[in-house]
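Dropping structure_4.cif in here (mmCIF, C-alpha atoms and all ligand atoms):
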```cif
data_final
#
loop_
_atom_site.label_atom_id
_atom_site.label_comp_id
_atom_site.auth_asym_id
_atom_site.auth_seq_id
_atom_site.Cartn_x
_atom_site.Cartn_y
_atom_site.Cartn_z
CA MET O 12 102.40 -7.80 17.06
CA PRO O 13 103.32 -8.39 20.76
CA ASN O 14 106.81 -9.65 21.53
CA ARG O 15 106.63 -13.34 22.36
CA ASP O 16 109.37 -15.95 22.50
CA TYR O 17 108.50 -19.37 21.08
CA GLN O 18 112.10 -20.55 20.86
CA ASN O 19 111.60 -23.36 23.38
CA GLN O 20 108.63 -24.81 21.51
CA ARG O 21 110.36 -27.80 19.99
CA ARG O 22 110.32 -31.55 20.12
CA ASP O 23 112.50 -34.30 18.76
CA TYR O 24 111.12 -36.74 16.19
CA SER O 25 111.57 -40.42 16.76
CA ALA O 26 109.63 -42.31 14.08
CA PRO O 27 111.37 -45.14 12.25
CA GLY O 28 113.22 -43.89 9.19
CA LEU O 29 112.28 -43.88 5.57
CA SER O 30 114.62 -45.24 2.91
CA LYS O 31 114.46 -45.19 -0.88
CA THR O 32 114.00 -48.96 -0.98
CA GLN O 33 110.88 -48.73 1.20
CA LEU O 34 109.24 -46.19 -1.10
CA ASN O 35 106.79 -47.35 -3.74
CA PRO O 36 107.92 -46.49 -7.31
CA SER O 37 104.56 -44.75 -7.75
CA PRO O 38 104.02 -41.60 -5.63
CA PHE O 39 100.26 -42.20 -5.95
CA VAL O 40 100.61 -45.60 -4.27
CA GLN O 41 102.99 -44.13 -1.68
CA PHE O 42 100.49 -41.34 -0.98
CA THR O 43 97.61 -43.83 -0.61
CA GLN O 44 99.66 -45.92 1.84
CA TRP O 45 100.46 -42.90 4.02
CA MET O 46 96.89 -41.56 3.82
CA GLU O 47 95.47 -44.91 4.87
CA GLU O 48 97.88 -45.02 7.82
CA ALA O 49 96.80 -41.49 8.78
CA ILE O 50 93.09 -42.38 8.55
CA ALA O 51 93.66 -45.53 10.65
CA SER O 52 95.50 -43.51 13.31
CA PRO O 53 93.75 -41.29 15.91
CA ILE O 54 94.46 -38.20 13.77
CA GLN O 55 91.41 -35.98 13.26
CA ASP O 56 90.79 -34.54 9.82
CA ALA O 57 93.50 -36.66 8.19
CA THR O 58 92.16 -35.58 4.78
CA ALA O 59 92.52 -31.86 5.58
CA MET O 60 95.13 -30.28 3.35
CA SER O 61 96.49 -26.83 2.85
CA LEU O 62 95.82 -25.52 -0.67
CA ALA O 63 98.09 -22.75 -1.92
CA THR O 64 97.14 -20.70 -4.95
CA VAL O 65 98.68 -17.52 -6.39
CA ASP O 66 96.80 -14.43 -7.58
CA ALA O 67 97.52 -12.32 -10.64
CA SER O 68 99.91 -10.06 -8.66
CA GLY O 69 102.00 -13.06 -7.55
CA GLN O 70 100.65 -13.03 -3.99
CA PRO O 71 100.25 -16.60 -2.64
CA HIS O 72 97.13 -17.53 -0.64
CA ASN O 73 96.69 -20.54 1.60
CA ARG O 74 93.70 -22.27 3.17
CA ILE O 75 92.57 -25.70 4.33
CA VAL O 76 90.24 -27.79 2.16
CA LEU O 77 89.25 -31.45 2.46
CA LEU O 78 90.52 -34.08 0.06
CA LYS O 79 87.43 -35.90 -1.20
CA GLU O 80 88.80 -38.29 -3.80
CA THR O 81 91.95 -39.45 -5.48
CA THR O 82 91.75 -40.63 -9.10
CA PRO O 83 94.38 -41.57 -11.70
CA ASN O 84 94.32 -37.83 -12.60
CA GLY O 85 95.00 -36.53 -9.12
CA PHE O 86 93.53 -35.01 -5.97
CA VAL O 87 89.92 -33.77 -5.86
CA PHE O 88 88.38 -31.21 -3.50
CA TYR O 89 85.15 -29.22 -3.64
CA THR O 90 84.56 -25.52 -3.23
CA HIS O 91 82.85 -22.42 -4.61
CA TYR O 92 84.10 -21.45 -8.05
CA ASP O 93 83.23 -17.80 -7.32
CA SER O 94 85.39 -17.75 -4.15
CA ALA O 95 88.74 -15.99 -3.82
CA LYS O 96 90.52 -19.25 -4.62
CA GLY O 97 88.26 -19.82 -7.63
CA HIS O 98 89.26 -16.43 -9.06
CA GLU O 99 92.94 -17.13 -8.34
CA VAL O 100 92.72 -20.45 -10.18
CA ASP O 101 91.05 -18.69 -13.15
CA GLN O 102 94.27 -16.60 -13.40
CA ASN O 103 96.82 -19.27 -12.55
CA GLN O 104 96.20 -23.01 -12.51
CA LYS O 105 99.43 -23.79 -10.64
CA ALA O 106 98.79 -24.81 -7.03
CA ALA O 107 100.29 -26.74 -4.12
CA LEU O 108 98.85 -29.06 -1.50
CA LEU O 109 100.26 -29.88 1.90
CA PHE O 110 99.35 -32.55 4.42
CA PHE O 111 100.86 -32.39 7.94
CA TRP O 112 100.23 -35.25 10.34
CA PRO O 113 102.13 -34.35 13.53
CA GLU O 114 101.20 -37.60 15.30
CA LEU O 115 102.94 -39.56 12.52
CA GLU O 116 105.73 -36.97 12.17
CA ARG O 117 104.94 -36.79 8.46
CA GLN O 118 104.43 -34.14 5.85
CA ILE O 119 103.50 -34.57 2.17
CA ARG O 120 103.96 -31.73 -0.32
CA ILE O 121 102.33 -31.96 -3.74
CA GLU O 122 102.59 -29.48 -6.63
CA GLY O 123 100.70 -29.41 -9.89
CA THR O 124 97.92 -27.81 -11.90
CA LEU O 125 94.22 -27.47 -11.19
CA THR O 126 91.32 -28.15 -13.52
CA LYS O 127 87.61 -28.26 -12.76
CA VAL O 128 86.02 -31.70 -12.54
CA SER O 129 82.98 -32.27 -14.78
CA GLN O 130 79.61 -30.76 -13.80
CA GLU O 131 78.23 -34.33 -13.62
CA THR O 132 80.91 -35.34 -11.08
CA SER O 133 80.26 -32.21 -9.00
CA LYS O 134 76.49 -32.76 -9.13
CA ALA O 135 76.84 -36.40 -8.10
CA TYR O 136 79.04 -35.48 -5.14
CA PHE O 137 76.78 -32.54 -4.18
CA GLU O 138 73.78 -34.87 -4.12
CA SER O 139 75.63 -37.30 -1.83
CA ARG O 140 76.26 -34.60 0.81
CA PRO O 141 74.12 -34.10 3.94
CA ARG O 142 71.17 -31.79 3.23
CA ASP O 143 72.46 -29.07 5.59
CA SER O 144 75.79 -29.03 3.73
CA GLN O 145 73.91 -28.67 0.44
CA LEU O 146 71.88 -25.78 1.92
CA ALA O 147 75.06 -24.14 3.22
CA ALA O 148 76.70 -24.36 -0.23
CA LEU O 149 73.59 -22.82 -1.79
CA SER O 150 73.35 -20.09 0.85
CA SER O 151 76.99 -18.98 0.99
CA ASN O 152 78.53 -16.51 -1.41
CA GLN O 153 81.97 -17.76 -0.35
CA SER O 154 84.71 -15.15 0.19
CA HIS O 155 82.31 -12.22 -0.39
CA GLU O 156 81.33 -9.85 2.42
CA VAL O 157 78.15 -10.77 4.28
CA ALA O 158 76.26 -8.11 6.26
CA SER O 159 75.91 -10.16 9.46
CA ARG O 160 75.69 -13.65 10.93
CA ALA O 161 71.90 -13.16 10.99
CA ALA O 162 71.83 -12.42 7.25
CA LEU O 163 73.71 -15.66 6.58
CA GLU O 164 71.39 -17.70 8.79
CA ASN O 165 68.30 -16.04 7.26
CA THR O 166 69.43 -17.04 3.77
CA PHE O 167 69.99 -20.60 4.99
CA GLU O 168 66.50 -20.68 6.60
CA HIS O 169 64.90 -19.10 3.54
CA ASN O 170 66.41 -21.84 1.33
CA ALA O 171 65.47 -24.55 3.84
CA GLN O 172 61.81 -23.38 3.62
CA LYS O 173 61.89 -22.86 -0.13
CA TYR O 174 63.04 -26.42 -0.82
CA THR O 175 60.98 -28.23 1.83
CA GLY O 176 60.11 -31.64 0.45
CA GLN O 177 62.30 -31.12 -2.61
CA ALA O 178 65.87 -31.89 -3.57
CA ILE O 179 68.30 -28.99 -3.11
CA PRO O 180 69.43 -27.98 -6.63
CA HIS O 181 73.16 -28.25 -7.30
CA PRO O 182 74.42 -24.64 -7.63
CA LYS O 183 76.50 -24.26 -10.81
CA HIS O 184 79.01 -22.11 -8.91
CA TRP O 185 79.87 -25.01 -6.57
CA GLY O 186 82.05 -27.91 -7.70
CA GLY O 187 85.30 -29.76 -7.68
CA TYR O 188 88.85 -29.15 -8.76
CA CYS O 189 91.39 -31.83 -9.48
CA LEU O 190 95.07 -31.14 -8.87
CA GLN O 191 97.17 -33.13 -11.33
CA PRO O 192 100.56 -33.51 -9.64
CA ASN O 193 103.98 -32.99 -11.18
CA LYS O 194 105.99 -33.20 -7.95
CA PHE O 195 105.65 -34.96 -4.60
CA GLU O 196 107.71 -34.76 -1.44
CA PHE O 197 107.41 -37.25 1.43
CA TRP O 198 108.93 -36.07 4.73
CA GLN O 199 109.47 -38.22 7.78
CA GLY O 200 110.68 -36.63 11.02
CA ARG O 201 113.86 -38.17 12.46
CA PRO O 202 116.02 -37.61 15.55
CA ASN O 203 118.47 -34.70 15.68
CA ARG O 204 116.66 -32.83 12.86
CA LEU O 205 118.18 -35.27 10.35
CA HIS O 206 114.82 -35.85 8.73
CA ASP O 207 114.18 -38.08 5.72
CA ARG O 208 112.97 -36.27 2.60
CA PHE O 209 112.26 -37.84 -0.77
CA ILE O 210 110.99 -36.09 -3.88
CA TYR O 211 109.34 -37.71 -6.89
CA THR O 212 109.57 -35.94 -10.25
CA PRO O 213 108.27 -37.41 -13.52
CA ASN O 214 110.68 -38.55 -16.22
CA GLU O 215 110.32 -37.13 -19.75
CA ASN O 216 107.33 -39.17 -20.88
CA ALA O 217 105.83 -38.99 -17.38
CA THR O 218 105.37 -42.76 -17.11
CA LEU O 219 107.96 -43.25 -14.39
CA TRP O 220 108.97 -41.07 -11.49
CA ALA O 221 112.53 -40.36 -10.42
CA ILE O 222 113.08 -40.49 -6.65
CA GLN O 223 115.74 -38.37 -4.97
CA ARG O 224 116.69 -37.99 -1.33
CA LEU O 225 116.99 -34.35 -0.27
CA SER O 226 119.03 -32.99 2.57
CA PRO O 227 116.74 -32.03 5.46
C1 LIG I 301 89.19 -28.30 8.46
C2 LIG I 301 88.72 -27.38 7.37
C3 LIG I 301 88.16 -27.93 6.23
C4 LIG I 301 87.72 -27.08 5.20
N1 LIG I 301 87.25 -27.65 4.03
C5 LIG I 301 86.89 -26.86 3.00
C6 LIG I 301 86.53 -27.43 1.73
O1 LIG I 301 86.58 -28.65 1.52
N2 LIG I 301 86.15 -26.58 0.74
C7 LIG I 301 86.13 -25.22 0.91
O2 LIG I 301 85.76 -24.52 -0.02
N3 LIG I 301 86.51 -24.65 2.08
C8 LIG I 301 86.89 -25.44 3.12
N4 LIG I 301 87.30 -24.87 4.31
C9 LIG I 301 87.27 -23.39 4.43
C10 LIG I 301 88.52 -22.81 3.73
O3 LIG I 301 89.66 -22.97 4.57
C11 LIG I 301 88.34 -21.33 3.35
O4 LIG I 301 87.96 -20.59 4.49
C12 LIG I 301 87.30 -21.13 2.25
O5 LIG I 301 87.39 -22.12 1.24
C13 LIG I 301 87.46 -19.75 1.59
O6 LIG I 301 88.75 -19.66 1.02
P1 LIG I 301 89.10 -18.53 -0.07
O7 LIG I 301 88.48 -17.25 0.41
O8 LIG I 301 90.58 -18.49 -0.12
O9 LIG I 301 88.50 -18.99 -1.39
C14 LIG I 301 87.79 -25.67 5.34
C15 LIG I 301 88.37 -25.14 6.50
C16 LIG I 301 88.82 -25.97 7.49
C17 LIG I 301 89.51 -25.36 8.69
#
```
Would you encode the structure as C-alpha cells?
Amino acid sequence: MPNRDYQNQRRDYSAPGLSKTQLNPSPFVQFTQWMEEAIASPIQDATAMSLATVDASGQPHNRIVLLKETTPNGFVFYTHYDSAKGHEVDQNQKAALLFFWPELERQIRIEGTLTKVSQETSKAYFESRPRDSQLAALSSNQSHEVASRAALENTFEHNAQKYTGQAIPHPKHWGGYCLQPNKFEFWQGRPNRLHDRFIYTPNENATLWAIQRLSP
C-alpha cells in the first residue's frame, strides 16, 4: 500500500441536533421518517445499505445491497441465495445493516437476524422487475468465478433469445432476505465532533424499545 496522508480530509458537521424527546418511541417509525427525508433530498441511492455478514471462521464480509421493502418484520433486500453472502447466512443468521447519508450528516446502524422471505414474495418481486434485471439474475452465478466478460454477456444473450416472447422464469436461487432488527442506532453529526447518538434496544417482551443516548 503506498504511503498517503489523509489526515486533513475532515469537515465539521452542522445539522440541527437530535434529542430524545424528538425521537419516535418506535425505531421503525423513526427509521421511516429518516428514510423519507433521505429519499426527498438530492441523495442518490438513499436506499443503498451496507450489509455485513460473518462466515463460519468468524470473518466479517461487507457489501452494498438495496433496501426494497420494510414490513412489520423488518428490512427486505433481494439477492442470490447461492452467493457468498447466501452461504454466510446459511452458517450464521446474524447480520448488520448500515445507512450513511453524508448530505444529511446521518448514519443508521441496524443489527438483527436474517431469514428468507417466502418464495411467493420473491417471485412476485422478481416479476415486477425490468426484464433486463430478470435476465441478469438468471444469467449470473453471483460470487462464482466467470471465465470472461464475454462469457457473461453470451449467457445473458442466450437467455434473452431463449425466452423471446415469454416470461423470464423466476430462478429458485434468487430471492429476498428479511433482517428482523434487535438493535438500532441513529447518529446525527454535530459541531466539534460532539455528535448525537441514540440506541434503541427492545425490552423483555419486545413490545417497547428502550432509548439511550450514547457518548459520541
Ligand atoms: C449501489 C449498489 C447496489 C447493489 N445492490 C445489490 C442488491 O440489491 N442485491 C445484490 O445481491 N447485490 C447488490 N449489489 C452488489 C453487491 O454489493 C455485491 O457485489 C454482490 O451482492 C455480491 O456479494 P457477495 O459476493 O458478498 O455475496 C449492489 C452494489 C452496489 C454498489
- Kindly indicate which residue among O:His155, O:Arg208, O:Lys79, O:His91 lies nearest to His184 of chain O, using only C-alpha atoms for the distances. O:His91
Write out as a tab-separated table a residue-level contact list of chain O versus ligand LIG 301 (chain I) with cut-off 10 Å: for each qualifying residue the closest pair of atoms and the distance in Å to one decimal, counting all atoms listed in the file, rows sorted by chain and residue number upward.
```
residue	atom	partner	partner_atom	distance
O:Gln55	CA	I:LIG301	C1	9.3
O:Asp56	CA	I:LIG301	C1	6.6
O:Ala57	CA	I:LIG301	C1	9.4
O:Thr58	CA	I:LIG301	C1	8.7
O:Ala59	CA	I:LIG301	C1	5.7
O:Met60	CA	I:LIG301	C3	7.9
O:Ser61	CA	I:LIG301	O3	8.0
O:Leu62	CA	I:LIG301	O3	8.5
O:Ala63	CA	I:LIG301	O8	8.8
O:Thr64	CA	I:LIG301	O8	8.4
O:His72	CA	I:LIG301	O8	6.6
O:Asn73	CA	I:LIG301	O8	6.7
O:Arg74	CA	I:LIG301	O3	4.3
O:Ile75	CA	I:LIG301	O3	4.0
O:Val76	CA	I:LIG301	N1	3.5
O:Leu77	CA	I:LIG301	O1	4.0
O:Leu78	CA	I:LIG301	O1	6.9
O:Lys79	CA	I:LIG301	O1	7.8
O:Val87	CA	I:LIG301	O1	9.6
O:Phe88	CA	I:LIG301	O1	5.9
O:Tyr89	CA	I:LIG301	N2	5.2
O:Thr90	CA	I:LIG301	O2	3.6
O:His91	CA	I:LIG301	O2	5.8
O:Tyr92	CA	I:LIG301	O9	8.4
O:Asp93	CA	I:LIG301	O9	8.0
O:Ser94	CA	I:LIG301	O9	4.3
O:Ala95	CA	I:LIG301	O9	3.9
O:Lys96	CA	I:LIG301	O9	3.8
O:Gly97	CA	I:LIG301	O9	6.3
O:His98	CA	I:LIG301	O9	8.1
O:Glu99	CA	I:LIG301	O9	8.5
O:Val100	CA	I:LIG301	O9	9.9
O:Ala148	CA	I:LIG301	O2	9.1
O:Asn152	CA	I:LIG301	C13	10.0
O:Gln153	CA	I:LIG301	C13	6.2
O:Ser154	CA	I:LIG301	O7	4.3
O:His155	CA	I:LIG301	O7	8.0
O:Trp185	CA	I:LIG301	O2	8.8
O:Gly186	CA	I:LIG301	O2	9.2
O:Gly187	CA	I:LIG301	N2	9.0
```
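Across the structure, atom CA of Asn84 of chain O and atom CA of Glu48 of chain O are spaced 21.9 Å apart.
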- Message: Given all atoms listed in the file as the basis, pick out the residue of O:Ala49, O:Leu225, O:Ala135, O:Leu29 nearest to Tyr211 of chain O.
- Response: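 Among the listed residues, the smallest separation from Tyr211 of chain O belongs to O:Leu225.
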- Quick one: of O:Arg142, O:Ile50, O:Lys173, O:Tyr188, who's nearest to Thr82 of chain O, counting all atoms listed in the file?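 Residue with the minimum atom-to-atom distance to Thr82 of chain O: O:Tyr188.
Atom to atom, atom CA of Tyr136 of chain O and atom CA of Gln44 of chain O stand 24.1 Å apart.
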- Message: Counting all atoms listed in the file, which residue out of O:Asn103, O:Asp207, O:Pro182, O:Ala171 sits closest to Ala67 of chain O?
- Response: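 That would be O:Asn103, the residue with the smallest distance to Ala67 of chain O.
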- Task: Record the distance separating atom CA of Gln104 of chain O and atom CA of Pro71 of chain O, expressed in Å with one decimal.
- Result: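 Result for atom CA of Gln104 of chain O versus atom CA of Pro71 of chain O: 12.4 Å, one decimal.
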Within 12 Å of (66.1, -24.9, 7.0) in the file's own coordinates, which protein, DNA or RNA residues have an atom, counting only C-alpha atoms? List them as a short mmCIF file (atom, residue, chain, number, x, y, z; two decimals) with C-alpha atoms, in the coordinates of the input.
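Heads up, here's the output in out.cif:
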```cif
data_model
loop_
_atom_site.label_atom_id
_atom_site.label_comp_id
_atom_site.auth_asym_id
_atom_site.auth_seq_id
_atom_site.Cartn_x
_atom_site.Cartn_y
_atom_site.Cartn_z
CA ARG O 142 71.17 -31.79 3.23
CA ASP O 143 72.46 -29.07 5.59
CA SER O 144 75.79 -29.03 3.73
CA GLN O 145 73.91 -28.67 0.44
CA LEU O 146 71.88 -25.78 1.92
CA ALA O 147 75.06 -24.14 3.22
CA LEU O 149 73.59 -22.82 -1.79
CA SER O 150 73.35 -20.09 0.85
CA LEU O 163 73.71 -15.66 6.58
CA GLU O 164 71.39 -17.70 8.79
CA ASN O 165 68.30 -16.04 7.26
CA THR O 166 69.43 -17.04 3.77
CA PHE O 167 69.99 -20.60 4.99
CA GLU O 168 66.50 -20.68 6.60
CA HIS O 169 64.90 -19.10 3.54
CA ASN O 170 66.41 -21.84 1.33
CA ALA O 171 65.47 -24.55 3.84
CA GLN O 172 61.81 -23.38 3.62
CA LYS O 173 61.89 -22.86 -0.13
CA TYR O 174 63.04 -26.42 -0.82
CA THR O 175 60.98 -28.23 1.83
CA GLY O 176 60.11 -31.64 0.45
CA ILE O 179 68.30 -28.99 -3.11
#
```
- For Gln199 of chain O, list every protein, DNA or RNA residue within 12 Å, evaluated using only C-alpha atoms, and leave out those in the same chain fewer than 6 positions away; present the list as a ChimeraX atom specification. /O:24-30,34,45,111-120,205-210,224-225,227
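Excluding segment 16-22 of chain O itself and any same-chain residue fewer than 4 positions from it, the protein and nucleic acid residues within 10 Å of it, counting all atoms listed in the file, are Pro202, Asn203 and Arg204 of chain O.
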So that I can look at just that part, could you write segment 133-168 of chain O with N, CA and C atoms, as a PDB file, in the first residue's frame?
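Listed below is the output, selection-v3.pdb:
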```
ATOM      1  N   SER O 133     -40.780 -13.548  -3.205  1.00  0.00           N
ATOM      2  CA  SER O 133     -39.624 -13.357  -4.105  1.00  0.00           C
ATOM      3  C   SER O 133     -40.076 -13.380  -5.564  1.00  0.00           C
ATOM      4  N   LYS O 134     -40.961 -14.326  -5.873  1.00  0.00           N
ATOM      5  CA  LYS O 134     -41.452 -14.452  -7.259  1.00  0.00           C
ATOM      6  C   LYS O 134     -42.210 -13.185  -7.657  1.00  0.00           C
ATOM      7  N   ALA O 135     -43.045 -12.698  -6.757  1.00  0.00           N
ATOM      8  CA  ALA O 135     -43.839 -11.500  -7.086  1.00  0.00           C
ATOM      9  C   ALA O 135     -42.915 -10.308  -7.327  1.00  0.00           C
ATOM     10  N   TYR O 136     -41.884 -10.161  -6.491  1.00  0.00           N
ATOM     11  CA  TYR O 136     -40.962  -9.043  -6.700  1.00  0.00           C
ATOM     12  C   TYR O 136     -40.147  -9.256  -7.982  1.00  0.00           C
ATOM     13  N   PHE O 137     -39.682 -10.489  -8.208  1.00  0.00           N
ATOM     14  CA  PHE O 137     -38.910 -10.783  -9.430  1.00  0.00           C
ATOM     15  C   PHE O 137     -39.706 -10.381 -10.660  1.00  0.00           C
ATOM     16  N   GLU O 138     -40.993 -10.740 -10.656  1.00  0.00           N
ATOM     17  CA  GLU O 138     -41.841 -10.469 -11.832  1.00  0.00           C
ATOM     18  C   GLU O 138     -42.104  -8.979 -12.024  1.00  0.00           C
ATOM     19  N   SER O 139     -41.921  -8.181 -10.965  1.00  0.00           N
ATOM     20  CA  SER O 139     -42.136  -6.730 -11.082  1.00  0.00           C
ATOM     21  C   SER O 139     -40.888  -6.008 -11.608  1.00  0.00           C
ATOM     22  N   ARG O 140     -39.755  -6.735 -11.709  1.00  0.00           N
ATOM     23  CA  ARG O 140     -38.500  -6.078 -12.088  1.00  0.00           C
ATOM     24  C   ARG O 140     -38.429  -5.881 -13.605  1.00  0.00           C
ATOM     25  N   PRO O 141     -37.613  -4.912 -14.073  1.00  0.00           N
ATOM     26  CA  PRO O 141     -37.415  -4.778 -15.519  1.00  0.00           C
ATOM     27  C   PRO O 141     -36.873  -6.088 -16.101  1.00  0.00           C
ATOM     28  N   ARG O 142     -37.253  -6.366 -17.333  1.00  0.00           N
ATOM     29  CA  ARG O 142     -36.884  -7.639 -17.974  1.00  0.00           C
ATOM     30  C   ARG O 142     -35.366  -7.869 -17.980  1.00  0.00           C
ATOM     31  N   ASP O 143     -34.587  -6.814 -18.242  1.00  0.00           N
ATOM     32  CA  ASP O 143     -33.128  -6.975 -18.270  1.00  0.00           C
ATOM     33  C   ASP O 143     -32.580  -7.351 -16.890  1.00  0.00           C
ATOM     34  N   SER O 144     -33.219  -6.849 -15.841  1.00  0.00           N
ATOM     35  CA  SER O 144     -32.778  -7.225 -14.488  1.00  0.00           C
ATOM     36  C   SER O 144     -33.120  -8.688 -14.219  1.00  0.00           C
ATOM     37  N   GLN O 145     -34.270  -9.121 -14.721  1.00  0.00           N
ATOM     38  CA  GLN O 145     -34.643 -10.534 -14.564  1.00  0.00           C
ATOM     39  C   GLN O 145     -33.636 -11.420 -15.308  1.00  0.00           C
ATOM     40  N   LEU O 146     -33.289 -11.001 -16.538  1.00  0.00           N
ATOM     41  CA  LEU O 146     -32.319 -11.782 -17.330  1.00  0.00           C
ATOM     42  C   LEU O 146     -30.953 -11.818 -16.649  1.00  0.00           C
ATOM     43  N   ALA O 147     -30.565 -10.683 -16.054  1.00  0.00           N
ATOM     44  CA  ALA O 147     -29.267 -10.630 -15.365  1.00  0.00           C
ATOM     45  C   ALA O 147     -29.267 -11.576 -14.170  1.00  0.00           C
ATOM     46  N   ALA O 148     -30.381 -11.604 -13.421  1.00  0.00           N
ATOM     47  CA  ALA O 148     -30.453 -12.504 -12.253  1.00  0.00           C
ATOM     48  C   ALA O 148     -30.352 -13.957 -12.703  1.00  0.00           C
ATOM     49  N   LEU O 149     -31.011 -14.244 -13.827  1.00  0.00           N
ATOM     50  CA  LEU O 149     -30.996 -15.622 -14.349  1.00  0.00           C
ATOM     51  C   LEU O 149     -29.607 -15.992 -14.876  1.00  0.00           C
ATOM     52  N   SER O 150     -28.890 -15.015 -15.409  1.00  0.00           N
ATOM     53  CA  SER O 150     -27.637 -15.284 -16.120  1.00  0.00           C
ATOM     54  C   SER O 150     -26.405 -15.218 -15.225  1.00  0.00           C
ATOM     55  N   SER O 151     -26.566 -14.695 -14.014  1.00  0.00           N
ATOM     56  CA  SER O 151     -25.396 -14.540 -13.137  1.00  0.00           C
ATOM     57  C   SER O 151     -25.356 -15.654 -12.099  1.00  0.00           C
ATOM     58  N   ASN O 152     -24.168 -16.227 -11.965  1.00  0.00           N
ATOM     59  CA  ASN O 152     -23.927 -17.187 -10.888  1.00  0.00           C
ATOM     60  C   ASN O 152     -23.170 -16.405  -9.812  1.00  0.00           C
ATOM     61  N   GLN O 153     -23.888 -15.542  -9.108  1.00  0.00           N
ATOM     62  CA  GLN O 153     -23.262 -14.488  -8.289  1.00  0.00           C
ATOM     63  C   GLN O 153     -22.202 -15.028  -7.333  1.00  0.00           C
ATOM     64  N   SER O 154     -21.077 -14.352  -7.316  1.00  0.00           N
ATOM     65  CA  SER O 154     -19.919 -14.601  -6.439  1.00  0.00           C
ATOM     66  C   SER O 154     -19.050 -15.778  -6.898  1.00  0.00           C
ATOM     67  N   HIS O 155     -19.441 -16.448  -7.998  1.00  0.00           N
ATOM     68  CA  HIS O 155     -18.627 -17.541  -8.537  1.00  0.00           C
ATOM     69  C   HIS O 155     -17.783 -17.002  -9.691  1.00  0.00           C
ATOM     70  N   GLU O 156     -16.632 -17.611  -9.919  1.00  0.00           N
ATOM     71  CA  GLU O 156     -15.755 -17.132 -10.995  1.00  0.00           C
ATOM     72  C   GLU O 156     -16.446 -17.279 -12.358  1.00  0.00           C
ATOM     73  N   VAL O 157     -16.257 -16.269 -13.190  1.00  0.00           N
ATOM     74  CA  VAL O 157     -16.769 -16.335 -14.562  1.00  0.00           C
ATOM     75  C   VAL O 157     -15.571 -16.174 -15.494  1.00  0.00           C
ATOM     76  N   ALA O 158     -15.556 -16.953 -16.591  1.00  0.00           N
ATOM     77  CA  ALA O 158     -14.354 -17.026 -17.438  1.00  0.00           C
ATOM     78  C   ALA O 158     -13.989 -15.659 -18.014  1.00  0.00           C
ATOM     79  N   SER O 159     -14.980 -14.881 -18.432  1.00  0.00           N
ATOM     80  CA  SER O 159     -14.696 -13.593 -19.081  1.00  0.00           C
ATOM     81  C   SER O 159     -15.968 -12.759 -19.098  1.00  0.00           C
ATOM     82  N   ARG O 160     -15.809 -11.487 -19.413  1.00  0.00           N
ATOM     83  CA  ARG O 160     -16.956 -10.595 -19.632  1.00  0.00           C
ATOM     84  C   ARG O 160     -17.823 -11.143 -20.774  1.00  0.00           C
ATOM     85  N   ALA O 161     -17.126 -11.637 -21.829  1.00  0.00           N
ATOM     86  CA  ALA O 161     -17.857 -12.155 -22.996  1.00  0.00           C
ATOM     87  C   ALA O 161     -18.722 -13.348 -22.596  1.00  0.00           C
ATOM     88  N   ALA O 162     -18.205 -14.204 -21.748  1.00  0.00           N
ATOM     89  CA  ALA O 162     -18.977 -15.389 -21.323  1.00  0.00           C
ATOM     90  C   ALA O 162     -20.248 -14.952 -20.598  1.00  0.00           C
ATOM     91  N   LEU O 163     -20.117 -13.915 -19.776  1.00  0.00           N
ATOM     92  CA  LEU O 163     -21.274 -13.401 -19.033  1.00  0.00           C
ATOM     93  C   LEU O 163     -22.318 -12.836 -20.008  1.00  0.00           C
ATOM     94  N   GLU O 164     -21.820 -12.034 -20.965  1.00  0.00           N
ATOM     95  CA  GLU O 164     -22.747 -11.402 -21.918  1.00  0.00           C
ATOM     96  C   GLU O 164     -23.382 -12.447 -22.837  1.00  0.00           C
ATOM     97  N   ASN O 165     -22.604 -13.502 -23.179  1.00  0.00           N
ATOM     98  CA  ASN O 165     -23.172 -14.566 -24.028  1.00  0.00           C
ATOM     99  C   ASN O 165     -24.304 -15.291 -23.307  1.00  0.00           C
ATOM    100  N   THR O 166     -24.122 -15.529 -22.020  1.00  0.00           N
ATOM    101  CA  THR O 166     -25.188 -16.205 -21.252  1.00  0.00           C
ATOM    102  C   THR O 166     -26.432 -15.331 -21.214  1.00  0.00           C
ATOM    103  N   PHE O 167     -26.216 -14.028 -21.013  1.00  0.00           N
ATOM    104  CA  PHE O 167     -27.347 -13.081 -20.993  1.00  0.00           C
ATOM    105  C   PHE O 167     -28.074 -13.124 -22.342  1.00  0.00           C
ATOM    106  N   GLU O 168     -27.297 -13.050 -23.457  1.00  0.00           N
ATOM    107  CA  GLU O 168     -27.896 -13.058 -24.805  1.00  0.00           C
ATOM    108  C   GLU O 168     -28.607 -14.367 -25.089  1.00  0.00           C
TER     109      GLU O 168
END
```
